[in-house]
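Everything below concerns the one structure shown next.
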Amino acid sequence: MKHSCKQCGNCCVIHWKSFEATHDDVIRWRREGREDILKHLAITSDNPNDQSGTFTSNSCPFLRRNEEQNIYCCDINDTKPFNCKNYPDDGVCEYTTNLN
Ligand code: SF4
Ligand code: SF4
């Protein structure tokens, strides 16, 4: 069943600390020159084949509220982390409340 996102922002808040950046995310952001994203990451490995990292901020710096539409948007939607793109990987999300 295809998941239909309501853009409530719950997953961005609830799962932020468990969302790690994959090796491919980091390589892509370096290629794209996305220092604005990379500055929020801790990458501990020197291994060029494992440049995955963890986000250091307590909340996602890319989550934006659209007041007019009463929804949340991702500032880096075109290049957001794999784990965000893949969410919810089991087709079940936290969206339970109709905000409107
Ligand atoms: S919790 Fe579900 S509906 Fe809400 S933003 Fe995340 S994926 Fe979309
Ligand atoms: S990067 Fe985008 S999709 Fe991922 S948690 Fe932040 S706002 Fe949500």
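Here, A, B, ... name the chains of the structure tokens in the order displayed, residue numbers run from 1 inside each chain, and ligands are numbered from 1 in the same displayed order.
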
Throw together the list of residues within 9 Å of ligand 1, counting only C-alpha atoms and all ligand atoms, and drop it here as a list of chain:residue names. A:His3, A:Ser4, A:Cys5, A:Lys6, A:Gln7, A:Cys8, A:Gly9, A:Asn10, A:Cys11, A:Cys12, A:Val13, A:Ile14, A:Ile71, A:Tyr72, A:Cys73, A:Cys84, A:Tyr87, A:Pro88, A:Gly91, A:Val92, A:Cys93, A:Glu94, A:Tyr95, A:Thr96

Nearby residues, ligand 2, 6 Å, only C-alpha atoms and all ligand atoms, as a PDB file with N, CA and C atoms, in the first residue's frame:
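Now in result-v2.pdb:
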ATOM      1  N   CYS A  12       9.701  13.808  11.362  1.00  0.00           N
ATOM      2  CA  CYS A  12      10.912  14.626  11.371  1.00  0.00           C
ATOM      3  C   CYS A  12      11.315  14.985  12.799  1.00  0.00           C
ATOM      4  N   TRP A  16      14.207  12.155  14.426  1.00  0.00           N
ATOM      5  CA  TRP A  16      15.405  12.884  14.015  1.00  0.00           C
ATOM      6  C   TRP A  16      16.698  12.276  14.543  1.00  0.00           C
ATOM      7  N   CYS A  60      15.877  18.765  13.766  1.00  0.00           N
ATOM      8  CA  CYS A  60      16.289  18.912  12.368  1.00  0.00           C
ATOM      9  C   CYS A  60      16.323  20.386  11.966  1.00  0.00           C
ATOM     10  N   PHE A  62      16.366  21.557   9.097  1.00  0.00           N
ATOM     11  CA  PHE A  62      15.800  21.741   7.757  1.00  0.00           C
ATOM     12  C   PHE A  62      14.275  21.644   7.732  1.00  0.00           C
ATOM     13  N   LEU A  63      13.687  21.477   8.899  1.00  0.00           N
ATOM     14  CA  LEU A  63      12.231  21.369   8.990  1.00  0.00           C
ATOM     15  C   LEU A  63      11.618  22.766   9.066  1.00  0.00           C
ATOM     16  N   CYS A  74      10.329  20.231   4.050  1.00  0.00           N
ATOM     17  CA  CYS A  74      11.754  19.954   4.192  1.00  0.00           C
ATOM     18  C   CYS A  74      12.533  20.902   3.292  1.00  0.00           C
ATOM     19  N   ILE A  76      15.512  20.738   2.400  1.00  0.00           N
ATOM     20  CA  ILE A  76      16.479  20.052   1.533  1.00  0.00           C
ATOM     21  C   ILE A  76      15.817  18.854   0.845  1.00  0.00           C
ATOM     22  N   ASN A  77      14.557  19.036   0.495  1.00  0.00           N
ATOM     23  CA  ASN A  77      13.775  17.915  -0.035  1.00  0.00           C
ATOM     24  C   ASN A  77      14.442  17.234  -1.230  1.00  0.00           C
ATOM     25  N   LYS A  80      17.470  15.250   0.454  1.00  0.00           N
ATOM     26  CA  LYS A  80      17.348  14.874   1.871  1.00  0.00           C
ATOM     27  C   LYS A  80      17.938  13.493   2.125  1.00  0.00           C
ATOM     28  N   CYS A  84      15.266   9.623   5.458  1.00  0.00           N
ATOM     29  CA  CYS A  84      14.057  10.447   5.363  1.00  0.00           C
ATOM     30  C   CYS A  84      13.259  10.061   4.127  1.00  0.00           C
TER      31      CYS A  84
END

Just to confirm, what's the straight-line distance from atom CA of Ala21 of chain A to atom CA of Leu38 of chain A in Å (one decimal)?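 Going from atom CA of Ala21 of chain A over to atom CA of Leu38 of chain A, I get 9.7 Å.
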
Have a look at A:His40, A:Asp78, A:Asn86, A:Asn47 and name the one nearest to His23 of chain A; count only C-alpha atoms.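 Closest candidate: A:Asn47.
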
Which residues in chain A does DSSP call strand (DSSP E or B)? List them as a compact mmCIF listing (two decimals) with C-alpha atoms, in the first residue's frame.
# COMPACT_ATOMS: atom_id res chain seq x y z
CA GLU A 20 21.78 8.91 10.35
CA ALA A 21 23.33 10.07 7.11
CA LEU A 41 27.22 16.05 10.74
CA ALA A 42 29.78 14.16 12.78
CA GLY A 53 27.64 10.23 9.89
CA THR A 54 25.33 11.24 12.68
CA PHE A 55 23.56 14.56 12.94
CA LEU A 63 12.23 21.37 8.99
CA ARG A 64 10.09 24.39 8.10
CA ARG A 65 6.52 25.16 9.02
CA ASN A 66 4.27 26.58 6.33
CA ILE A 71 1.98 21.80 7.01
CA TYR A 72 5.68 21.13 7.47
CA CYS A 73 8.20 21.15 4.64
CA CYS A 74 11.75 19.95 4.19

Give me the residues near Ser52 of chain A as a list in words, where near means some atom within 12 Å (using only C-alpha atoms) and where sequence neighbours in that chain fewer than 6 positions away do not count.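 Non-adjacent residues within range: Phe19, Glu20, Ala21, Thr22, His23, Asp24, Asp25, Val26, Ile27, Arg28, Trp29, Leu38, Leu41, Ala42, Ile43, Thr44, Ser45, Asp46, Pro81, Phe82 and Asn83 of chain A.
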
Same residues, C-alpha atoms, saved as a tab-separated table (two decimals), in the first residue's frame:
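Okay, this is what ended up in out34.tsv:
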chain	number	residue	atom	x	y	z
A	19	PHE	CA	18.15	9.38	11.28
A	20	GLU	CA	21.78	8.91	10.35
A	21	ALA	CA	23.33	10.07	7.11
A	22	THR	CA	24.42	7.18	4.94
A	23	HIS	CA	27.77	6.99	3.17
A	24	ASP	CA	26.00	7.77	-0.12
A	25	ASP	CA	24.28	10.81	1.44
A	26	VAL	CA	27.61	12.23	2.57
A	27	ILE	CA	29.33	11.60	-0.77
A	28	ARG	CA	26.42	13.23	-2.61
A	29	TRP	CA	26.45	16.32	-0.34
A	38	LEU	CA	27.59	18.74	6.17
A	41	LEU	CA	27.22	16.05	10.74
A	42	ALA	CA	29.78	14.16	12.78
A	43	ILE	CA	31.75	11.74	10.61
A	44	THR	CA	34.11	9.69	12.71
A	45	SER	CA	35.55	7.19	10.26
A	46	ASP	CA	38.65	7.82	8.15
A	81	PRO	CA	18.87	11.91	3.72
A	82	PHE	CA	18.11	8.41	2.46
A	83	ASN	CA	16.47	7.54	5.79

Between atom CA of Lys39 of chain A and atom CA of Ser57 of chain A - distance in Å to one decimal: 10.0 Å

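Picture a line from atom CA of Asp75 of chain A to atom CA of Ser18 of chain A; it runs 19.1 Å.
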
DSSP-assigned alpha helix (DSSP H) members of chain A, reported as an NGL selection string: :A and (10-14 or 23-32 or 35-38 or 82-85)
